[in-house]
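Student: Starting off with a structure, shown below.
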Amino acid sequence: MIILGINAYHADSSAAIFRDGVLIAATEEERFRRVKHWAGFPSQAIGFCLKEAGISLHEVDHIAIGRDPYAKLARKILFLMKNPGGGFRAVMDRLANAKKVASLAEEFKSLDSSLDEKIIKSRIHHVEHHRSHLASAFFASPFEEAAILSIDGSGDFTTTMTAVGRGNQMEVLDSVDFPDSVGLFYTAFTQLLGFPHYGDEYKVMGLAPYGDPKYVDQLKEVLVFDSNGMFHLNQKYFRSAKSGIISYGEDHIPVVAPLFTDYMIDKFGAERKRDEPLTQYHKDLGASVQRITELLIFHILNALQKKTGLKNICIAGGVAQNSVANGKLTRNTAFEKIYIPSAGHDAGISMGSALYVYNQVLKQPRQLPQYSAFTGSRFSNEEIETYLQSRGITYIRYTENEIYDIITKQLIDSGVVGWFSGRAEFGPRALGARSIIADPRRADAKDLLNSKIKRRESFRPFAPSILKEYVGEYFEVTDDVPFMEKVFPIRKEKQSLIPAVTHVDGTGRLQSVDRNTAPRYYQLIETFRQKTGIPILLNTSFNENEPIVNSPEHALDCFLRTNMDMLVLENCVITR
Ligand SMILES: [Fe+2]
């Protein structure tokens with residue numbers, strides 16, 4: 001049985017395909033379109049998934065779209081009545097988008113004109129946004145039984161949903177409706193701090209350790225904790241209830257309107273302009289926003305834990321990308337084990353909606369848990385060589401016995417290496433398939449990377465990839481972190497050994513590298529360990545102000561555009 005899941009007409013448009021419940025391929029549309037967070041119909045991602053599965057659209061038994069225009073319709077209408085004027089526009093925008101969702105069969109027909117629209121229509125399942133998030137976490141997890149949380153900006157008029165999962169079924173327990181949203185709360189302050197783009201929230205998370213969370217009490221008036229284990233927003237601070245939030249232009253780039261009101265400016269100061277420096281106040285405010293978000297997540301989870309009595313928790317949704325909060329969960333709640341999928345954000349909706357149809361709707365048995373994010377594009381050495389020759393690029397193809405030595409020598413000689421190996425990652429993190437790597441021992445590695453390639457804000461940290469067996473030796477918490485989804489404190493005595501990946505507060509957003517899941521990346525780090533004694537590499541995404549590279553062409557262009565020292569495309573090595 002083939003199920004194709006999609007996230008469409010929504011940021012981080014994507015597709016995922018399953019055969020009998022086993023994931024064959026999953027990828028974001030942005031990787032092909034080369035536009036970050038691309039939000040239209042994922043036609044190229046669908047094409048890729050079908051090719052990987054070796055089938056045509058005719059052979060897809062079920063199509064799951066992680067969106068239900070009719071979800072909470074009564075609540076939407078009520079909202080519309082309570083919020084005339086601007087609110088009307090917001091809802092009309094949503095309905096226009098819903099119409100697009102409704103004409104999905106036509107979109108599929110445009111991919112393959114031989115399709116019968118009626119048959120396609122009969123195969124389409126609409127799965128509500130948060131149920132898709134919940135499914136992406138629980139059905140992919142190793143747990144037979146778990147509490148589940150979906151938490152984001154907003155999707156299908158909901159912003160937060162809790163559930164309990166048992167076997168192949170989930171039961172929703174509670175939810176919070178738009179416009180009360182932790183995601184929108186975080187976004188509003190992200191904007192106020194001078195980061196206006198969709199998806200900039202992680203910058204505030206990176207900034208927070210430079211500040212003191214001294215405004216948490218003040219923020220408790222903005223983000224109000226409710227006694228039922230949920231929360232609401234003090235709407236005086238937010239424009240969101242009165243007008244549209246996210247719009248998608250013809251270019252399919254999501255744009256978030258400013259969410260804060262003059263009232264918020266009165267209380268927390270004016271929006272920082274692009275060229276204005278980040279003051280200590282901005283850092284303290286960032287720290288406070290991060291801190292209260294963590295406290296709220298603990299608040300929700302502690303109530304959920306009490307209600308369910310369960311020890312396992314699965315989390316998804318945009319707020320689940322807050323790796324700093326994730327790293328603190330077992331120490332601040334009674335949950336003992338956590339699963340967060342590699343695409344916890346909206347790209348994971350494609351995977352989640354497909355799993356929902358397979359497990360929840362069709363009542364099929366669960367398959368093996370998903371510990372690998374390597375479900376994207378792949379290229380053979382032969383394809384790469386043909387491409388490099390067509391571009392007239394000089395390269396050397398090394399054997400597996402030679403190549404790790406060549407790369408680690410370059411890293412130790414202070415090089416920055418573009419590493420393109422195996423299938424691309426699904427999700428926002430590079431995990432050693434489309435990564436730029438460097439020596440974590442270099443105190444100046446951050447400056448080196450920023451000057452040679454990334455040109456990003458100097459306060460943002462770089463992440464360590466560490467061989468799984470050594471996590472306890474370097475970090476104060478021992479746990480598997482396959483998707484770089486948690487930040488842990490680095491042991492004091494180790495911090496000076498790996499300054500390039502130690503954040504200002506002594507933490508690191510680690511990725512524990514498993515020999516079976518990422519054998520070549522594991523071998524590379526192991527070779528580095530044998531030479532230096534350090535089982536860690538600095539890992540950052542292979543891109544330069546663009547979506548992560550997907551093909552040898554993108555990688556080569558990025559290499560040529562920047563000052564990277566070495567490019568590795570599978571076994572082919574290019575140097576300057
Ligand atoms: Fe979402």
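Please note that chains go A, B, ... in the order of the structure tokens, that every chain numbers its residues from 1, and that ligands are numbered from 1 in the order shown.
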Set the cut-off to 9 Å, count only C-alpha atoms and all ligand atoms, and list whatever residues fall near ligand 1 as a ChimeraX atom specification.

Tutor: /A:11,129-130,132-133,150-156,159,316-319,344-349

Student: Write the residues of the selection above to a file with N, CA and C atoms, as a compact mmCIF listing (two decimals), in the first residue's frame.

Tutor:
```
# COMPACT_ATOMS: atom_id res chain seq x y z
N ALA A 11 3.85 27.16 4.84
CA ALA A 11 5.31 27.25 4.89
C ALA A 11 5.93 25.86 5.00
N HIS A 129 -4.15 19.80 10.76
CA HIS A 129 -2.75 20.17 10.92
C HIS A 129 -2.10 19.59 12.18
N HIS A 130 -2.72 19.79 13.32
CA HIS A 130 -2.07 19.35 14.57
C HIS A 130 -2.13 17.84 14.76
N SER A 132 -1.72 15.92 12.33
CA SER A 132 -0.58 15.51 11.50
C SER A 132 0.72 15.65 12.28
N HIS A 133 0.87 16.78 13.00
CA HIS A 133 2.07 16.95 13.85
C HIS A 133 2.16 15.81 14.88
N SER A 150 1.56 18.77 20.39
CA SER A 150 1.84 19.53 19.17
C SER A 150 1.71 21.00 19.53
N ILE A 151 2.73 21.78 19.18
CA ILE A 151 2.74 23.17 19.62
C ILE A 151 3.44 24.03 18.57
N ASP A 152 2.72 25.04 18.04
CA ASP A 152 3.33 25.86 16.99
C ASP A 152 2.70 27.25 16.94
N GLY A 153 2.85 27.93 15.83
CA GLY A 153 2.26 29.25 15.65
C GLY A 153 0.76 29.12 15.49
N SER A 154 0.37 28.44 14.43
CA SER A 154 -1.04 28.16 14.19
C SER A 154 -1.18 27.27 12.95
N GLY A 155 -2.15 26.37 13.01
CA GLY A 155 -2.47 25.54 11.85
C GLY A 155 -3.89 25.06 12.01
N ASP A 156 -4.72 25.22 10.97
CA ASP A 156 -6.13 24.84 11.05
C ASP A 156 -6.81 25.41 12.31
N THR A 159 -3.43 26.03 17.88
CA THR A 159 -2.03 26.36 18.11
C THR A 159 -1.33 25.35 19.02
N ALA A 316 5.96 17.66 18.60
CA ALA A 316 6.19 18.20 17.26
C ALA A 316 5.55 19.57 17.16
N GLY A 317 5.76 20.24 16.04
CA GLY A 317 5.28 21.61 15.84
C GLY A 317 6.46 22.57 15.90
N GLY A 318 6.27 23.77 15.38
CA GLY A 318 7.38 24.72 15.29
C GLY A 318 8.07 24.98 16.61
N VAL A 319 7.31 25.04 17.70
CA VAL A 319 7.92 25.32 19.01
C VAL A 319 8.77 24.13 19.48
N GLY A 344 10.33 18.39 12.92
CA GLY A 344 9.31 18.70 13.91
C GLY A 344 8.47 19.89 13.47
N HIS A 345 9.00 20.67 12.54
CA HIS A 345 8.30 21.86 12.05
C HIS A 345 7.29 21.45 10.97
N ASP A 346 6.82 22.41 10.19
CA ASP A 346 5.70 22.10 9.31
C ASP A 346 6.04 21.18 8.13
N ALA A 347 7.30 21.05 7.77
CA ALA A 347 7.62 20.09 6.72
C ALA A 347 7.21 18.68 7.15
N GLY A 348 7.26 18.43 8.46
CA GLY A 348 6.90 17.12 8.99
C GLY A 348 5.43 16.77 8.85
N ILE A 349 4.63 17.76 8.46
CA ILE A 349 3.20 17.55 8.25
C ILE A 349 2.94 16.50 7.16
```

Student: Counting only C-alpha atoms, which residues of segment 262-372 of chain A sit at most 10 Å from some atom of segment 495-509 of chain A, and what is each one's closest atom pair with its distance in Å to one decimal, listed by chain and rising residue number, as JSON lines?

Tutor:
```
{"residue": "A:Ser323", "atom": "CA", "partner": "A:Arg509", "partner_atom": "CA", "distance": 7.1}
{"residue": "A:Val324", "atom": "CA", "partner": "A:Arg509", "partner_atom": "CA", "distance": 7.8}
{"residue": "A:Gly327", "atom": "CA", "partner": "A:Arg509", "partner_atom": "CA", "distance": 8.7}
```

Student: Could you dump the residues just selected with N, CA, C and O atoms as an mmCIF file, in the first residue's frame?

Tutor:
```
data_model
loop_
_atom_site.group_PDB
_atom_site.id
_atom_site.type_symbol
_atom_site.label_atom_id
_atom_site.label_comp_id
_atom_site.auth_asym_id
_atom_site.auth_seq_id
_atom_site.Cartn_x
_atom_site.Cartn_y
_atom_site.Cartn_z
ATOM 1 N N SER A 323 15.361 23.740 20.666
ATOM 2 C CA SER A 323 16.243 22.683 21.178
ATOM 3 C C SER A 323 16.732 22.987 22.587
ATOM 4 O O SER A 323 17.068 22.075 23.334
ATOM 5 N N VAL A 324 16.769 24.270 22.963
ATOM 6 C CA VAL A 324 17.197 24.629 24.319
ATOM 7 C C VAL A 324 16.151 24.128 25.320
ATOM 8 O O VAL A 324 16.482 23.482 26.317
ATOM 9 N N GLY A 327 16.135 20.264 25.562
ATOM 10 C CA GLY A 327 17.240 19.696 26.340
ATOM 11 C C GLY A 327 16.984 19.724 27.834
ATOM 12 O O GLY A 327 17.662 19.060 28.604
#
```

Student: So that I can see what lies close to segment 299-301 of chain A, please list as a list of chain:residue names the residues with an atom at most 7 Å from it, counting only C-alpha atoms and leaving out residues fewer than 4 positions away in the same chain.

Tutor: A:Gly229, A:Met230, A:Leu295, A:Gln305, A:Thr333

Student: Using only C-alpha atoms, which protein or nucleic acid residues come within 8 Å of segment 425-433 of chain A? Drop anything in the same chain fewer than 5 positions from it, and give the result as a list of chain:residue names.

Tutor: A:Ala26, A:Thr27, A:Glu28, A:Ser342, A:Ala343, A:Gly344, A:His345, A:Ala347, A:Gly348, A:Ala373, A:Phe374, A:Thr375, A:Gly376, A:Trp419, A:Phe420, A:Ser465, A:Phe483, A:Met484, A:Gln511, A:Ala518, A:Tyr521, A:Asn539, A:Thr540, A:Ser541, A:Phe542, A:Ile548

Student: Output C-alpha atoms of each residue in that selection to a file, as a short mmCIF file (atom, residue, chain, number, x, y, z; two decimals), in the first residue's frame.

Tutor:
```cif
data_model
loop_
_atom_site.label_atom_id
_atom_site.label_comp_id
_atom_site.auth_asym_id
_atom_site.auth_seq_id
_atom_site.Cartn_x
_atom_site.Cartn_y
_atom_site.Cartn_z
CA ALA A 26 10.63 12.62 2.36
CA THR A 27 11.84 16.04 1.34
CA GLU A 28 11.07 19.74 1.46
CA SER A 342 13.73 15.31 12.51
CA ALA A 343 11.15 17.52 10.81
CA GLY A 344 9.31 18.70 13.91
CA HIS A 345 8.30 21.86 12.05
CA ALA A 347 7.62 20.09 6.72
CA GLY A 348 6.90 17.12 8.99
CA ALA A 373 16.51 11.72 8.72
CA PHE A 374 18.30 10.62 5.55
CA THR A 375 15.33 10.37 3.24
CA GLY A 376 16.16 13.01 0.61
CA TRP A 419 30.70 17.43 3.02
CA PHE A 420 28.04 15.98 0.71
CA SER A 465 28.38 16.24 15.98
CA PHE A 483 18.33 15.04 15.02
CA MET A 484 20.22 17.80 16.88
CA GLN A 511 23.92 15.55 17.38
CA ALA A 518 25.28 7.50 9.37
CA TYR A 521 29.88 10.47 8.78
CA ASN A 539 28.71 20.76 11.90
CA THR A 540 26.72 23.49 10.21
CA SER A 541 24.31 23.32 7.31
CA PHE A 542 25.73 23.28 3.79
CA ILE A 548 20.44 23.57 2.30
#
```

Student: Name the residues of segment 10-134 of chain A that fall into helix (DSSP H, G or I) according to DSSP on the backbone, using the chain letters and numbers of this document, as an MDAnalysis selection string.

Tutor: chainID A and resid 30:33 43:53 57:59 73:82 86:102 104:111 117:123 129:134

Student: Could you name the residues that touch Ala270 of chain A at 10 Å or less, counting only C-alpha atoms, but leaving out those on the same chain fewer than 4 positions away, as a ChimeraX atom specification?

Tutor: /A:192-194,262,264-266

Student: Counting only C-alpha atoms, which residue out of A:Phe157, A:Tyr371, A:Phe488, A:Tyr210 sits closest to Thr517 of chain A?

Tutor: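 Of A:Phe157, A:Tyr371, A:Phe488, A:Tyr210, the one nearest Thr517 of chain A, counting only C-alpha atoms, is A:Tyr371.
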
Student: Please provide the set of residues having any atom within 12 Å of Lys109 of chain A, restricted to only C-alpha atoms, with same-chain residues fewer than 2 positions apart removed, written as a ChimeraX atom specification.

Tutor: /A:43,57-58,103-107,111-121

Student: Could you pull the residues within 10 Å of Ala137 of chain A, counting only C-alpha atoms, minus those fewer than 2 positions along the same chain, as a count of residues only?

Tutor: 30
